[in-house]
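Just below is one structure, and these are the notes that go with it.
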Amino acid sequence: MTLPRSIYIDAAGFEMHVTEWGDRANPVLVMWHGLARTGRDFDEAARALSTDYLVLCPDTLGRGLSAWARRGAADYTFATYGAMTSAMLEHYEIDQLGWVGTSMGGLLGITLAAGPLRERITHLVINDVGPDIPYDSARRIADYVGNPPVFDSIADYEAWLRRTYAPFGENSESFWRRMVDTSMRRTDKGQVTVHYDPAIVSTMVENKADLDVWNAYDAVTAHTLLIRGAQSDVLPPTVASAMRMRGPCPELVTIPDCGHAPTLSDEKQIDLLRTFLRE
């Protein structure tokens with residue numbers, strides 16, 4: 001069984017944590033998580049795909065085991081994340097790569113595939129996000145990300161986590177257990193809270209320009225796959241249909257029985273990724 005390696009690199013002046021899977025001689029696949037998550041969300045897919053790829057699952061600045069921003073909202077931008085991505089690719093001496101991005105990771109992938117990594121991202125998977133996020137959905141996300149709760153016990157935290165991320169749909173008990181273990185930290189008083197800097201919510205509040213990516217989307221030339229949760233409130237059917245007809249004109253695959261966002265952790269979803277990446 002392939003085991004992950006925990007790597008720390010200097011990326012644009014910040015310490016960046018990357019969970020690395022597979023042989024460094026293999027083609028590279030970057031898997032980038034959503035707004036308030038970590039690279040460990042991809043463990044199942046990364047383990048399965050690491051037979052053919054070097055899979056890199058970074059923790060975005062302010063999340064997981066990566067450093068937090070020094071200037072708050074001024075650092076929590078796609079410009080900073082892009083600079084850190086370029087530094088990571090330089091560290092690994094990567095020329096070309098595939099990109100799987102969930103939610104925020106999908107928008108970042110679009111931005112990079114249309115800009116600084118236009119000639120380097122060959123395959124782009126956009127998981128349950130589009131260039132036009134409904135206002136109510138953005139507000140819902142901002143409300144819970146910007147006001148992280150504090151709990152006295154792991155059990156209470158786990159109950160909250162399962163409620164908050166219920167739109168992920170049905171997942172294995174091992175998936176939820178890992179989410180708990182990799183999504184919490186202790187406060188100075190020994191209580192339990194989330195693993196991220198609450199200031200990351202600035203992406204939804206102060207740095208909304210990062211979410212407006214229609215122009216970038218229309219410029220993407222990478223082979224692209226669009227995935228949507230059937231009950232997603234972040235990627236409405238109308239936006240998904242528009243994406244299907246514009247820019248890279250991706251194939252659209254809808255995952256039943258989940259909302260925002262498919263976890264890409266079961267065999268069917270992993271096989272979907274594997275087949276697409278081989279095209």
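Residues are named by chain letter and number: chains run A, B, ... in the order of the structure tokens, numbers start at 1 in each chain, and ligands are numbered from 1 in the order shown.
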
For region 247-259 of chain A, please output as a PyMOL selection string all residues within 8 Å (counting only C-alpha atoms; exclusion window: fewer than 3 positions along the same chain). chain A and resi 167-170+217-233+240+243-244+262

Written selection (N, CA, C and O atoms) as an mmCIF file, in the first residue's frame:
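Final output, part-v1.cif:
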```
data_model
loop_
_atom_site.group_PDB
_atom_site.id
_atom_site.type_symbol
_atom_site.label_atom_id
_atom_site.label_comp_id
_atom_site.auth_asym_id
_atom_site.auth_seq_id
_atom_site.Cartn_x
_atom_site.Cartn_y
_atom_site.Cartn_z
ATOM 1 N N PRO A 167 -23.712 17.897 2.983
ATOM 2 C CA PRO A 167 -23.839 17.872 1.521
ATOM 3 C C PRO A 167 -22.773 17.040 0.818
ATOM 4 O O PRO A 167 -22.922 16.752 -0.378
ATOM 5 N N PHE A 168 -21.695 16.673 1.518
ATOM 6 C CA PHE A 168 -20.710 15.768 0.915
ATOM 7 C C PHE A 168 -21.339 14.443 0.518
ATOM 8 O O PHE A 168 -20.779 13.696 -0.276
ATOM 9 N N GLY A 169 -22.482 14.135 1.093
ATOM 10 C CA GLY A 169 -23.141 12.881 0.772
ATOM 11 C C GLY A 169 -22.633 11.728 1.615
ATOM 12 O O GLY A 169 -21.966 11.916 2.638
ATOM 13 N N GLU A 170 -22.943 10.524 1.177
ATOM 14 C CA GLU A 170 -22.565 9.331 1.924
ATOM 15 C C GLU A 170 -21.092 9.016 1.707
ATOM 16 O O GLU A 170 -20.626 8.901 0.569
ATOM 17 N N TYR A 217 -11.963 31.486 -17.533
ATOM 18 C CA TYR A 217 -12.550 30.220 -17.973
ATOM 19 C C TYR A 217 -12.601 30.145 -19.500
ATOM 20 O O TYR A 217 -12.284 29.107 -20.091
ATOM 21 N N ASP A 218 -12.992 31.226 -20.117
ATOM 22 C CA ASP A 218 -13.097 31.238 -21.578
ATOM 23 C C ASP A 218 -11.738 31.095 -22.256
ATOM 24 O O ASP A 218 -11.666 30.761 -23.439
ATOM 25 N N ALA A 219 -10.665 31.360 -21.509
ATOM 26 C CA ALA A 219 -9.309 31.271 -22.076
ATOM 27 C C ALA A 219 -8.640 29.925 -21.820
ATOM 28 O O ALA A 219 -7.536 29.685 -22.306
ATOM 29 N N VAL A 220 -9.290 29.036 -21.073
ATOM 30 C CA VAL A 220 -8.691 27.738 -20.750
ATOM 31 C C VAL A 220 -8.655 26.864 -22.001
ATOM 32 O O VAL A 220 -9.649 26.733 -22.716
ATOM 33 N N THR A 221 -7.493 26.243 -22.251
ATOM 34 C CA THR A 221 -7.339 25.331 -23.386
ATOM 35 C C THR A 221 -7.045 23.903 -22.930
ATOM 36 O O THR A 221 -7.013 22.992 -23.758
ATOM 37 N N ALA A 222 -6.835 23.679 -21.636
ATOM 38 C CA ALA A 222 -6.561 22.339 -21.126
ATOM 39 C C ALA A 222 -7.765 21.433 -21.335
ATOM 40 O O ALA A 222 -8.916 21.891 -21.368
ATOM 41 N N HIS A 223 -7.502 20.155 -21.495
ATOM 42 C CA HIS A 223 -8.581 19.159 -21.542
ATOM 43 C C HIS A 223 -9.294 19.209 -20.191
ATOM 44 O O HIS A 223 -8.650 19.059 -19.141
ATOM 45 N N THR A 224 -10.612 19.427 -20.193
ATOM 46 C CA THR A 224 -11.321 19.785 -18.961
ATOM 47 C C THR A 224 -12.512 18.873 -18.709
ATOM 48 O O THR A 224 -13.250 18.509 -19.633
ATOM 49 N N LEU A 225 -12.691 18.543 -17.429
ATOM 50 C CA LEU A 225 -13.850 17.775 -16.963
ATOM 51 C C LEU A 225 -14.540 18.590 -15.873
ATOM 52 O O LEU A 225 -13.876 19.098 -14.965
ATOM 53 N N LEU A 226 -15.854 18.708 -15.960
ATOM 54 C CA LEU A 226 -16.648 19.414 -14.959
ATOM 55 C C LEU A 226 -17.491 18.397 -14.197
ATOM 56 O O LEU A 226 -18.235 17.619 -14.799
ATOM 57 N N ILE A 227 -17.367 18.407 -12.863
ATOM 58 C CA ILE A 227 -18.131 17.510 -12.002
ATOM 59 C C ILE A 227 -19.083 18.349 -11.165
ATOM 60 O O ILE A 227 -18.707 19.412 -10.659
ATOM 61 N N ARG A 228 -20.310 17.863 -11.012
ATOM 62 C CA ARG A 228 -21.314 18.592 -10.227
ATOM 63 C C ARG A 228 -22.046 17.635 -9.298
ATOM 64 O O ARG A 228 -22.423 16.529 -9.703
ATOM 65 N N GLY A 229 -22.226 18.049 -8.045
ATOM 66 C CA GLY A 229 -23.105 17.328 -7.141
ATOM 67 C C GLY A 229 -24.545 17.605 -7.520
ATOM 68 O O GLY A 229 -24.915 18.770 -7.766
ATOM 69 N N ALA A 230 -25.366 16.578 -7.566
ATOM 70 C CA ALA A 230 -26.733 16.725 -8.076
ATOM 71 C C ALA A 230 -27.547 17.743 -7.299
ATOM 72 O O ALA A 230 -28.435 18.403 -7.862
ATOM 73 N N GLN A 231 -27.283 17.890 -5.996
ATOM 74 C CA GLN A 231 -28.020 18.852 -5.171
ATOM 75 C C GLN A 231 -27.188 20.094 -4.828
ATOM 76 O O GLN A 231 -27.493 20.805 -3.877
ATOM 77 N N SER A 232 -26.154 20.346 -5.592
ATOM 78 C CA SER A 232 -25.258 21.462 -5.279
ATOM 79 C C SER A 232 -25.965 22.806 -5.363
ATOM 80 O O SER A 232 -26.686 23.073 -6.327
ATOM 81 N N ASP A 233 -25.739 23.650 -4.352
ATOM 82 C CA ASP A 233 -26.240 25.024 -4.405
ATOM 83 C C ASP A 233 -25.133 25.994 -4.815
ATOM 84 O O ASP A 233 -25.387 27.194 -4.958
ATOM 85 N N ALA A 240 -23.674 25.347 -14.834
ATOM 86 C CA ALA A 240 -22.984 24.181 -15.385
ATOM 87 C C ALA A 240 -23.245 24.051 -16.882
ATOM 88 O O ALA A 240 -22.334 23.744 -17.668
ATOM 89 N N MET A 243 -21.203 26.611 -18.719
ATOM 90 C CA MET A 243 -19.794 26.197 -18.773
ATOM 91 C C MET A 243 -19.588 25.117 -19.828
ATOM 92 O O MET A 243 -18.534 25.069 -20.480
ATOM 93 N N ARG A 244 -20.599 24.264 -19.977
ATOM 94 C CA ARG A 244 -20.491 23.182 -20.956
ATOM 95 C C ARG A 244 -20.351 23.725 -22.373
ATOM 96 O O ARG A 244 -19.731 23.085 -23.239
ATOM 97 N N PRO A 262 -18.871 16.781 -4.274
ATOM 98 C CA PRO A 262 -18.447 15.386 -4.310
ATOM 99 C C PRO A 262 -17.037 15.243 -3.732
ATOM 100 O O PRO A 262 -16.154 16.063 -4.014
#
```

Write out as a short mmCIF file (atom, residue, chain, number, x, y, z; two decimals) with all heavy atoms, in the first residue's frame which residues come within 12 Å of Gly105 (chain A) when counting only C-alpha atoms, dropping same-chain ones fewer than 4 positions away.
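Produced file out07.cif, reproduced below:
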```cif
data_model
loop_
_atom_site.label_atom_id
_atom_site.label_comp_id
_atom_site.auth_asym_id
_atom_site.auth_seq_id
_atom_site.Cartn_x
_atom_site.Cartn_y
_atom_site.Cartn_z
N VAL A 30 -1.72 17.42 -9.37
CA VAL A 30 -1.96 18.28 -8.21
C VAL A 30 -3.44 18.23 -7.87
O VAL A 30 -4.29 18.40 -8.76
CB VAL A 30 -1.52 19.74 -8.48
CG1 VAL A 30 -1.94 20.65 -7.33
CG2 VAL A 30 -0.01 19.81 -8.70
N MET A 31 -3.76 18.00 -6.60
CA MET A 31 -5.14 17.99 -6.13
C MET A 31 -5.29 19.10 -5.10
O MET A 31 -4.64 19.06 -4.05
CB MET A 31 -5.50 16.62 -5.55
CG MET A 31 -5.25 15.47 -6.51
SD MET A 31 -5.91 13.86 -5.96
CE MET A 31 -7.66 14.09 -6.31
N TRP A 32 -6.15 20.07 -5.40
CA TRP A 32 -6.27 21.27 -4.55
C TRP A 32 -7.66 21.32 -3.93
O TRP A 32 -8.66 21.27 -4.63
CB TRP A 32 -6.00 22.53 -5.35
CG TRP A 32 -5.45 23.64 -4.48
CD1 TRP A 32 -6.13 24.35 -3.56
CD2 TRP A 32 -4.10 24.13 -4.47
NE1 TRP A 32 -5.32 25.27 -2.95
CE2 TRP A 32 -4.06 25.15 -3.49
CE3 TRP A 32 -2.95 23.82 -5.17
CZ2 TRP A 32 -2.89 25.87 -3.21
CZ3 TRP A 32 -1.80 24.53 -4.90
CH2 TRP A 32 -1.77 25.55 -3.93
N HIS A 33 -7.69 21.48 -2.63
CA HIS A 33 -8.92 21.38 -1.84
C HIS A 33 -9.76 22.66 -1.88
O HIS A 33 -9.38 23.68 -2.46
CB HIS A 33 -8.57 21.04 -0.39
CG HIS A 33 -7.71 22.09 0.27
ND1 HIS A 33 -8.23 23.25 0.78
CD2 HIS A 33 -6.38 22.14 0.50
CE1 HIS A 33 -7.25 23.99 1.30
NE2 HIS A 33 -6.11 23.34 1.14
N GLY A 34 -10.89 22.61 -1.18
CA GLY A 34 -11.82 23.73 -1.10
C GLY A 34 -11.43 24.75 -0.04
O GLY A 34 -10.44 24.60 0.68
N LEU A 35 -12.26 25.77 0.09
CA LEU A 35 -11.96 26.96 0.89
C LEU A 35 -11.48 26.65 2.30
O LEU A 35 -10.46 27.19 2.74
CB LEU A 35 -13.21 27.85 0.96
CG LEU A 35 -13.09 29.12 1.81
CD1 LEU A 35 -12.09 30.09 1.19
CD2 LEU A 35 -14.45 29.79 1.96
N ALA A 36 -12.21 25.83 3.04
CA ALA A 36 -11.91 25.62 4.46
C ALA A 36 -11.44 24.19 4.75
O ALA A 36 -11.60 23.69 5.85
CB ALA A 36 -13.14 25.94 5.31
N ARG A 37 -10.85 23.56 3.76
CA ARG A 37 -10.45 22.17 3.89
C ARG A 37 -8.93 22.01 3.81
O ARG A 37 -8.21 22.99 3.91
CB ARG A 37 -11.14 21.33 2.80
CG ARG A 37 -12.66 21.38 2.81
CD ARG A 37 -13.26 20.91 4.12
NE ARG A 37 -12.65 19.64 4.51
CZ ARG A 37 -12.28 19.37 5.77
NH1 ARG A 37 -12.46 20.24 6.74
NH2 ARG A 37 -11.72 18.21 6.05
N THR A 38 -8.45 20.78 3.67
CA THR A 38 -7.00 20.53 3.56
C THR A 38 -6.75 19.50 2.48
O THR A 38 -7.67 18.83 2.01
CB THR A 38 -6.39 20.00 4.88
OG1 THR A 38 -6.69 18.59 5.00
CG2 THR A 38 -6.91 20.75 6.08
N GLY A 39 -5.49 19.33 2.12
CA GLY A 39 -5.11 18.36 1.12
C GLY A 39 -5.39 16.92 1.53
O GLY A 39 -5.47 16.03 0.68
N CYS A 57 -0.83 17.01 -2.81
CA CYS A 57 -2.04 17.55 -2.19
C CYS A 57 -1.64 18.64 -1.20
O CYS A 57 -1.41 18.36 -0.01
CB CYS A 57 -2.83 16.46 -1.49
SG CYS A 57 -3.31 15.08 -2.57
N PRO A 58 -1.53 19.88 -1.65
CA PRO A 58 -1.09 20.96 -0.77
C PRO A 58 -2.17 21.38 0.22
O PRO A 58 -3.36 21.23 -0.03
CB PRO A 58 -0.78 22.12 -1.73
CG PRO A 58 -0.83 21.53 -3.11
CD PRO A 58 -1.72 20.34 -3.03
N ASP A 59 -1.73 21.92 1.36
CA ASP A 59 -2.60 22.69 2.25
C ASP A 59 -2.45 24.15 1.85
O ASP A 59 -1.34 24.69 1.90
CB ASP A 59 -2.20 22.52 3.72
CG ASP A 59 -2.43 21.11 4.24
OD1 ASP A 59 -3.18 20.35 3.60
OD2 ASP A 59 -1.87 20.79 5.30
N THR A 60 -3.53 24.79 1.47
CA THR A 60 -3.47 26.20 1.12
C THR A 60 -3.02 27.03 2.32
O THR A 60 -3.25 26.67 3.47
CB THR A 60 -4.85 26.69 0.66
OG1 THR A 60 -5.38 25.79 -0.32
CG2 THR A 60 -4.79 28.08 0.04
N PHE A 78 -5.78 34.69 -4.64
CA PHE A 78 -5.32 33.76 -5.67
C PHE A 78 -3.94 34.14 -6.17
O PHE A 78 -3.19 33.26 -6.64
CB PHE A 78 -6.32 33.73 -6.83
CG PHE A 78 -7.52 32.86 -6.55
CD1 PHE A 78 -7.78 32.36 -5.29
CD2 PHE A 78 -8.41 32.53 -7.57
CE1 PHE A 78 -8.89 31.56 -5.03
CE2 PHE A 78 -9.51 31.73 -7.34
CZ PHE A 78 -9.76 31.24 -6.08
N TYR A 81 -1.70 32.41 -3.72
CA TYR A 81 -1.78 30.97 -3.91
C TYR A 81 -1.09 30.55 -5.22
O TYR A 81 -0.44 29.50 -5.29
CB TYR A 81 -3.23 30.49 -3.92
CG TYR A 81 -4.06 30.90 -2.73
CD1 TYR A 81 -5.45 30.98 -2.81
CD2 TYR A 81 -3.46 31.23 -1.51
CE1 TYR A 81 -6.23 31.34 -1.73
CE2 TYR A 81 -4.23 31.62 -0.42
CZ TYR A 81 -5.61 31.69 -0.53
OH TYR A 81 -6.36 32.07 0.54
N GLY A 82 -1.24 31.38 -6.24
CA GLY A 82 -0.59 31.09 -7.51
C GLY A 82 0.92 31.14 -7.39
O GLY A 82 1.64 30.30 -7.95
N THR A 85 2.00 28.08 -5.67
CA THR A 85 1.95 26.95 -6.59
C THR A 85 3.18 26.91 -7.48
O THR A 85 3.80 25.86 -7.68
CB THR A 85 0.68 27.01 -7.46
OG1 THR A 85 -0.48 27.04 -6.63
CG2 THR A 85 0.59 25.82 -8.39
N TRP A 99 -4.47 18.77 -13.00
CA TRP A 99 -4.97 19.52 -11.85
C TRP A 99 -6.40 19.08 -11.55
O TRP A 99 -7.26 19.10 -12.42
CB TRP A 99 -4.96 21.01 -12.15
CG TRP A 99 -5.37 21.91 -11.02
CD1 TRP A 99 -6.64 22.10 -10.52
CD2 TRP A 99 -4.51 22.75 -10.24
NE1 TRP A 99 -6.62 23.01 -9.49
CE2 TRP A 99 -5.32 23.42 -9.28
CE3 TRP A 99 -3.14 23.00 -10.25
CZ2 TRP A 99 -4.80 24.33 -8.37
CZ3 TRP A 99 -2.61 23.91 -9.35
CH2 TRP A 99 -3.44 24.56 -8.41
N VAL A 100 -6.64 18.67 -10.31
CA VAL A 100 -7.98 18.38 -9.82
C VAL A 100 -8.27 19.38 -8.72
O VAL A 100 -7.57 19.41 -7.70
CB VAL A 100 -8.09 16.94 -9.28
CG1 VAL A 100 -9.48 16.71 -8.66
CG2 VAL A 100 -7.82 15.92 -10.38
N GLY A 101 -9.29 20.21 -8.89
CA GLY A 101 -9.59 21.24 -7.91
C GLY A 101 -11.04 21.18 -7.45
O GLY A 101 -11.96 21.21 -8.27
N GLY A 109 -7.53 26.57 -10.13
CA GLY A 109 -7.07 25.85 -11.31
C GLY A 109 -7.43 26.56 -12.60
O GLY A 109 -6.62 26.65 -13.54
N ILE A 110 -8.66 27.07 -12.67
CA ILE A 110 -9.08 27.84 -13.85
C ILE A 110 -8.17 29.05 -14.04
O ILE A 110 -7.69 29.33 -15.15
CB ILE A 110 -10.54 28.29 -13.71
CG1 ILE A 110 -11.49 27.10 -13.76
CG2 ILE A 110 -10.90 29.31 -14.79
CD1 ILE A 110 -12.92 27.42 -13.38
N THR A 111 -7.93 29.78 -12.96
CA THR A 111 -7.12 30.99 -13.01
C THR A 111 -5.71 30.69 -13.51
O THR A 111 -5.16 31.42 -14.35
CB THR A 111 -7.06 31.64 -11.62
OG1 THR A 111 -8.39 31.94 -11.18
CG2 THR A 111 -6.26 32.93 -11.66
N LEU A 112 -5.13 29.62 -13.01
CA LEU A 112 -3.76 29.27 -13.40
C LEU A 112 -3.70 28.68 -14.80
O LEU A 112 -2.77 28.95 -15.56
CB LEU A 112 -3.17 28.29 -12.38
CG LEU A 112 -3.00 28.83 -10.96
CD1 LEU A 112 -2.49 27.74 -10.03
CD2 LEU A 112 -2.04 30.02 -10.95
N ALA A 113 -4.70 27.87 -15.16
CA ALA A 113 -4.71 27.24 -16.48
C ALA A 113 -4.91 28.27 -17.59
O ALA A 113 -4.54 28.02 -18.74
CB ALA A 113 -5.80 26.18 -16.55
N LEU A 124 -7.55 19.40 -16.61
CA LEU A 124 -8.14 20.20 -15.54
C LEU A 124 -9.49 19.61 -15.14
O LEU A 124 -10.40 19.48 -15.98
CB LEU A 124 -8.33 21.65 -16.01
CG LEU A 124 -9.08 22.60 -15.07
CD1 LEU A 124 -8.30 22.80 -13.77
CD2 LEU A 124 -9.31 23.94 -15.76
N VAL A 125 -9.61 19.25 -13.87
CA VAL A 125 -10.88 18.78 -13.32
C VAL A 125 -11.43 19.86 -12.41
O VAL A 125 -10.77 20.27 -11.44
CB VAL A 125 -10.73 17.46 -12.54
CG1 VAL A 125 -12.07 17.04 -11.94
CG2 VAL A 125 -10.18 16.36 -13.44
N ILE A 126 -12.62 20.34 -12.71
CA ILE A 126 -13.28 21.38 -11.91
C ILE A 126 -14.41 20.70 -11.15
O ILE A 126 -15.41 20.27 -11.74
CB ILE A 126 -13.85 22.49 -12.81
CG1 ILE A 126 -12.75 23.08 -13.70
CG2 ILE A 126 -14.49 23.59 -11.97
CD1 ILE A 126 -13.28 23.98 -14.81
N ASN A 127 -14.25 20.60 -9.83
CA ASN A 127 -15.20 19.85 -9.01
C ASN A 127 -16.18 20.78 -8.30
O ASN A 127 -15.83 21.41 -7.30
CB ASN A 127 -14.45 18.99 -8.00
CG ASN A 127 -15.38 18.09 -7.20
OD1 ASN A 127 -16.52 17.82 -7.60
ND2 ASN A 127 -14.92 17.64 -6.04
N ASP A 128 -17.37 20.88 -8.86
CA ASP A 128 -18.52 21.53 -8.23
C ASP A 128 -18.31 23.01 -7.92
O ASP A 128 -18.57 23.47 -6.80
CB ASP A 128 -18.93 20.78 -6.95
CG ASP A 128 -20.42 20.98 -6.67
OD1 ASP A 128 -21.23 20.55 -7.50
OD2 ASP A 128 -20.77 21.56 -5.63
N VAL A 129 -17.88 23.74 -8.92
CA VAL A 129 -17.79 25.19 -8.77
C VAL A 129 -17.80 25.81 -10.16
O VAL A 129 -17.42 25.16 -11.14
CB VAL A 129 -16.51 25.59 -8.00
CG1 VAL A 129 -15.26 25.39 -8.85
CG2 VAL A 129 -16.61 27.02 -7.47
N GLY A 130 -18.25 27.04 -10.24
CA GLY A 130 -18.27 27.73 -11.52
C GLY A 130 -17.94 29.19 -11.36
O GLY A 130 -17.77 29.70 -10.24
N ASP A 210 -11.51 37.42 -6.97
CA ASP A 210 -10.92 36.11 -7.25
C ASP A 210 -11.97 35.10 -7.69
O ASP A 210 -11.63 34.07 -8.29
CB ASP A 210 -10.20 35.58 -6.00
CG ASP A 210 -8.84 36.23 -5.79
OD1 ASP A 210 -8.35 36.90 -6.72
OD2 ASP A 210 -8.27 36.08 -4.70
N LEU A 211 -13.24 35.36 -7.36
CA LEU A 211 -14.31 34.43 -7.70
C LEU A 211 -14.91 34.69 -9.08
O LEU A 211 -15.70 33.89 -9.58
CB LEU A 211 -15.42 34.50 -6.64
CG LEU A 211 -14.99 34.31 -5.19
CD1 LEU A 211 -16.21 34.40 -4.27
CD2 LEU A 211 -14.27 32.98 -4.99
N ALA A 261 -19.54 19.35 -1.81
CA ALA A 261 -19.12 18.95 -3.14
C ALA A 261 -18.81 17.46 -3.13
O ALA A 261 -18.51 16.91 -2.07
CB ALA A 261 -17.87 19.73 -3.53
#
```

I need the residues in region 16-257 of chain A that are strand (DSSP E) according to DSSP; give them as an NGL selection string. :A and (16-21 or 28-32 or 54-58 or 97-102 or 121-127 or 184-186 or 192-194 or 223-229 or 251-255)

Provide the CA of Phe14 (chain A) to CA of Arg70 (chain A) distance in Å, to one decimal place.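 Between CA of Phe14 (chain A) and CA of Arg70 (chain A) the gap works out to 9.2 Å.
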
If we count only C-alpha atoms, what is near Asp181 (chain A) at a cut-off of 12 Å, once residues fewer than 3 positions away on the same chain are taken out, given as a list of chain:residue names?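 With the cut-off at 12 Å, the set is A:Thr38, A:Arg40, A:Asp41, A:Gly64, A:Ile154, A:Ala155, A:Tyr157, A:Glu158, A:Leu161, A:Ser174, A:Phe175, A:Trp176, A:Arg177, A:Arg178, A:Met184, A:Arg185, A:Arg186, A:Val192, A:Thr193, A:Val194, A:His195.
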
Expressed in Å to a single decimal, how great is the separation between CA of Leu272 (chain A) and CA of Asn171 (chain A)? 16.9 Å

Which neighbours of Ile121 (chain A) fall inside 6 Å, counting only C-alpha atoms, when residues of the same chain fewer than 3 positions from it are skipped, and could you give them as a VMD selection string? chain A and resid 96 to 98 113 117

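Residues with any atom within 9 Å of Ala11 (chain A), counting only C-alpha atoms and excluding same-chain neighbours fewer than 5 positions away, are Met16, Ala83, Met84, Thr85, Ser86, Ala87, Met88 and His91 of chain A.
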
Taking 4 positions as the minimum chain separation for residues in the same chain, which residues sit within 10 Å of Glu279 (chain A) when counting only C-alpha atoms? Answer as a ChimeraX atom specification. /A:123,223,274-275

Mind giving me the straight-line distance from CA of Leu29 (chain A) to CA of Trp68 (chain A) in Å, one decimal?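 CA of Trp68 (chain A) lies at a distance of 24.7 Å from CA of Leu29 (chain A).
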
Given the choices A:Arg139, A:Tyr165, A:Lys189, A:Ser103, which gets closest to Phe151 (chain A) if the distance is worked out from only C-alpha atoms? A:Lys189

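If you measure from each of A:Thr77, A:Asn26, A:Thr238, A:Thr2 to Ala48 (chain A) using only C-alpha atoms, the closest one turns out to be A:Thr2.
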
As a ChimeraX atom specification, list the residues of region 110-173 of chain A assigned to alpha helix (DSSP H) by DSSP on the backbone atoms of this structure. /A:110-114,135-146,154-164,173

Output the selection as a compact mmCIF listing (two decimals), in the first residue's frame - N, CA and C atoms for each residue.
```
# COMPACT_ATOMS: atom_id res chain seq x y z
N ILE A 110 -8.66 27.07 -12.67
CA ILE A 110 -9.08 27.84 -13.85
C ILE A 110 -8.17 29.05 -14.04
N THR A 111 -7.93 29.78 -12.96
CA THR A 111 -7.12 30.99 -13.01
C THR A 111 -5.71 30.69 -13.51
N LEU A 112 -5.13 29.62 -13.01
CA LEU A 112 -3.76 29.27 -13.40
C LEU A 112 -3.70 28.68 -14.80
N ALA A 113 -4.70 27.87 -15.16
CA ALA A 113 -4.71 27.24 -16.48
C ALA A 113 -4.91 28.27 -17.59
N ALA A 114 -5.51 29.40 -17.25
CA ALA A 114 -5.70 30.46 -18.23
C ALA A 114 -4.56 31.48 -18.21
N TYR A 135 -25.39 34.18 -4.78
CA TYR A 135 -25.17 35.01 -3.60
C TYR A 135 -25.50 34.27 -2.31
N ASP A 136 -26.65 33.60 -2.26
CA ASP A 136 -27.06 32.91 -1.04
C ASP A 136 -26.08 31.81 -0.65
N SER A 137 -25.53 31.12 -1.65
CA SER A 137 -24.56 30.07 -1.38
C SER A 137 -23.26 30.65 -0.85
N ALA A 138 -22.82 31.73 -1.46
CA ALA A 138 -21.59 32.39 -0.99
C ALA A 138 -21.76 32.90 0.43
N ARG A 139 -22.94 33.44 0.74
CA ARG A 139 -23.19 33.94 2.10
C ARG A 139 -23.22 32.80 3.11
N ARG A 140 -23.82 31.67 2.72
CA ARG A 140 -23.87 30.51 3.61
C ARG A 140 -22.46 30.04 3.96
N ILE A 141 -21.60 29.96 2.96
CA ILE A 141 -20.23 29.51 3.19
C ILE A 141 -19.48 30.52 4.06
N ALA A 142 -19.65 31.80 3.74
CA ALA A 142 -18.96 32.84 4.51
C ALA A 142 -19.38 32.83 5.97
N ASP A 143 -20.66 32.56 6.22
CA ASP A 143 -21.17 32.57 7.60
C ASP A 143 -20.49 31.50 8.45
N TYR A 144 -20.36 30.28 7.93
CA TYR A 144 -19.79 29.25 8.80
C TYR A 144 -18.26 29.26 8.79
N VAL A 145 -17.66 29.70 7.66
CA VAL A 145 -16.19 29.76 7.62
C VAL A 145 -15.68 30.91 8.48
N GLY A 146 -16.37 32.03 8.44
CA GLY A 146 -15.90 33.21 9.16
C GLY A 146 -16.23 33.23 10.64
N ILE A 154 -14.02 16.41 21.32
CA ILE A 154 -13.94 15.95 19.94
C ILE A 154 -15.29 15.44 19.47
N ALA A 155 -16.04 14.79 20.36
CA ALA A 155 -17.35 14.26 19.99
C ALA A 155 -18.28 15.38 19.53
N ASP A 156 -18.28 16.51 20.25
CA ASP A 156 -19.12 17.64 19.87
C ASP A 156 -18.65 18.22 18.53
N TYR A 157 -17.34 18.29 18.38
CA TYR A 157 -16.79 18.81 17.13
C TYR A 157 -17.18 17.91 15.96
N GLU A 158 -17.08 16.61 16.15
CA GLU A 158 -17.41 15.68 15.08
C GLU A 158 -18.88 15.81 14.68
N ALA A 159 -19.77 15.98 15.64
CA ALA A 159 -21.19 16.13 15.32
C ALA A 159 -21.41 17.38 14.48
N TRP A 160 -20.75 18.47 14.83
CA TRP A 160 -20.86 19.71 14.05
C TRP A 160 -20.30 19.51 12.65
N LEU A 161 -19.15 18.85 12.55
CA LEU A 161 -18.51 18.64 11.25
C LEU A 161 -19.41 17.84 10.32
N ARG A 162 -20.01 16.79 10.85
CA ARG A 162 -20.89 15.96 10.02
C ARG A 162 -22.12 16.74 9.57
N ARG A 163 -22.67 17.59 10.45
CA ARG A 163 -23.83 18.40 10.05
C ARG A 163 -23.43 19.41 8.99
N THR A 164 -22.32 20.09 9.20
CA THR A 164 -21.90 21.16 8.30
C THR A 164 -21.58 20.62 6.91
N GLU A 173 -17.00 5.55 7.06
CA GLU A 173 -16.67 5.98 8.41
C GLU A 173 -15.21 6.38 8.52
```

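Distance check against Pro198 (chain A) using only C-alpha atoms: of A:Ala79, A:Leu89, A:Ala69, A:Met245, the minimum falls on A:Ala69.
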
Counting only C-alpha atoms, the residue of A:Val213, A:Val150, A:Pro237, A:Asp132 that sits nearest Asp188 (chain A):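 Closest candidate: A:Val150.
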
Calculated over only C-alpha atoms, which of the candidates A:Ser172, A:Ser202, A:Ser183, A:Ser241 has the smallest distance to Glu267 (chain A)?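 Of A:Ser172, A:Ser202, A:Ser183, A:Ser241, the one nearest Glu267 (chain A), counting only C-alpha atoms, is A:Ser172.
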